[in-house]
Amino acid sequence: MTVWLLFIDLDRTLWDHPNVSTLKPPFHRLSEDTIRDSEGAEIHLNHEIVRLIEWARGRGAVVSTLSWNKPSHALAALEAFGLTRLFDYHAIEPHPDKGEYAARIVEAVEREYGIRLKPCQIVYIDDRRIHLEGVRERLGPIIFLQAWKDFKSLEEAKEKIEKALCPS
């Protein structure tokens with residue numbers, strides 16, 4: 001099976017909150033799809049993205065977060081949701097240059113797997129396009145899907161990814 005890389009944004013993509021860095025850990029799980037911070041703010045999980053990650057992993061994807069956040073807050077939220085098992089890498093940094101930390105993950109994957117990833121083997125899903133130019137400056141013409149605009153359902157996202165991915 002061909003190895004490919006899937007980057008997943010967190011805020012407003014994996015979960016509904018716009019900025020997990022503003023919340024106050026610890027987080028407490030209220031249900032399968034809801035956690036709450038120490039001041040009562042709730043975060044709701046997007047199960048379509050979770051299912052997309054699971055589908056991708058079953059098809060050879062190496063999965064990484066790609067998020068502009070305080071790492072401690074984002075990782076605590078992932079842990080509270082029980083989702084750390086879904087990610088092979090984390091690219092979570094407190095500055096907006098997602099291209100910089102995406103490039104480090106690509107280098108790590110290439111080293112670990114002994115491969116050279118083509119841009120058409122890298123998929124990036126985010127709710128906004130604001131970071132796309134910086135990521136493409138470093139990684140080339142990667143596959144980008146804007147959550148909730150380029151796809152409306154899990155099936156549509158899977159179809160678009162399958163059509164866009166190239167062989168190794």
# chains A, B, ... in the order shown; residues from 1 in each chain; ligands from 1
>>> residues_around(residues="Ile8 of chain A", least_positions_apart="5", cutoff="6 Å", atoms="only C-alpha atoms", output="VMD selection string")
chain A and resid 65 to 66 125
>>> write_last_selection(atoms="all heavy atoms", output="tab-separated table (two decimals), in the first residue's frame")
chain	number	residue	atom	x	y	z
A	65	THR	N	-1.54	16.18	12.87
A	65	THR	CA	-2.24	17.44	13.10
A	65	THR	C	-1.46	18.53	12.36
A	65	THR	O	-0.27	18.36	12.06
A	65	THR	CB	-2.28	17.78	14.60
A	65	THR	OG1	-0.94	17.80	15.11
A	65	THR	CG2	-3.11	16.79	15.39
A	66	LEU	N	-2.12	19.63	12.08
A	66	LEU	CA	-1.46	20.82	11.53
A	66	LEU	C	-2.26	22.00	12.05
A	66	LEU	O	-3.28	22.37	11.47
A	66	LEU	CB	-1.42	20.80	10.00
A	66	LEU	CG	-0.61	21.93	9.35
A	66	LEU	CD1	0.85	21.92	9.82
A	66	LEU	CD2	-0.68	21.83	7.84
A	125	ILE	N	-6.27	19.23	5.11
A	125	ILE	CA	-7.66	19.62	5.31
A	125	ILE	C	-7.72	20.68	6.40
A	125	ILE	O	-7.21	20.48	7.51
A	125	ILE	CB	-8.53	18.41	5.68
A	125	ILE	CG1	-8.53	17.40	4.52
A	125	ILE	CG2	-9.96	18.85	6.03
A	125	ILE	CD1	-9.28	16.13	4.79
>>> residues_around(residues="segment 126-142 of chain A", least_positions_apart="5", cutoff="10 Å", atoms="only C-alpha atoms", output="PyMOL selection string")
chain A and resi 7-14+66-68+96-103+106+117-121+147-150+164-165
>>> residues_around(residues="segment 43-54 of chain A", least_positions_apart="3", cutoff="9 Å", atoms="only C-alpha atoms", output="compact mmCIF listing (two decimals) with C-alpha atoms, in the first residue's frame")
# COMPACT_ATOMS: atom_id res chain seq x y z
CA LEU A 6 -2.81 13.54 5.73
CA ILE A 8 -5.68 17.73 9.73
CA ARG A 12 -13.30 24.40 13.37
CA THR A 13 -12.20 21.28 11.52
CA LEU A 14 -11.72 18.37 13.93
CA TRP A 15 -13.80 20.19 16.54
CA ASP A 16 -16.18 23.14 16.49
CA HIS A 17 -14.30 25.54 18.74
CA VAL A 20 -8.68 25.89 21.73
CA GLU A 32 -18.30 10.78 23.21
CA ASP A 33 -18.42 14.04 21.30
CA THR A 34 -18.14 16.78 23.96
CA ILE A 35 -15.46 17.97 26.36
CA ARG A 36 -15.52 20.94 28.73
CA ASP A 37 -12.70 23.14 30.01
CA ARG A 57 -5.27 5.31 8.05
CA GLY A 58 -6.81 2.13 6.65
CA ARG A 59 -5.59 3.19 3.21
CA ALA A 61 -2.07 7.38 5.36
CA VAL A 63 -1.71 11.29 9.84
CA ALA A 77 -8.11 18.35 24.10
CA PHE A 81 -11.46 13.11 23.38
CA LEU A 83 -8.03 10.73 19.84
CA LEU A 86 -5.35 8.52 15.43
CA PHE A 87 -2.26 10.67 14.89
CA SER A 153 -19.84 14.79 3.59
CA LEU A 154 -17.44 12.04 4.46
CA GLU A 155 -18.15 10.25 1.19
CA ALA A 157 -14.16 13.96 0.95
CA LYS A 158 -13.07 10.35 0.37
>>> atom_distance(atom1="atom CA of Arg104 of chain A", atom2="atom CA of Ser64 of chain A")
11.2 Å
>>> closest_residue(among="A:Pro25, A:Pro94, A:Gly60, A:Gly114", to="Glu79 of chain A", atoms="only C-alpha atoms")
A:Pro25
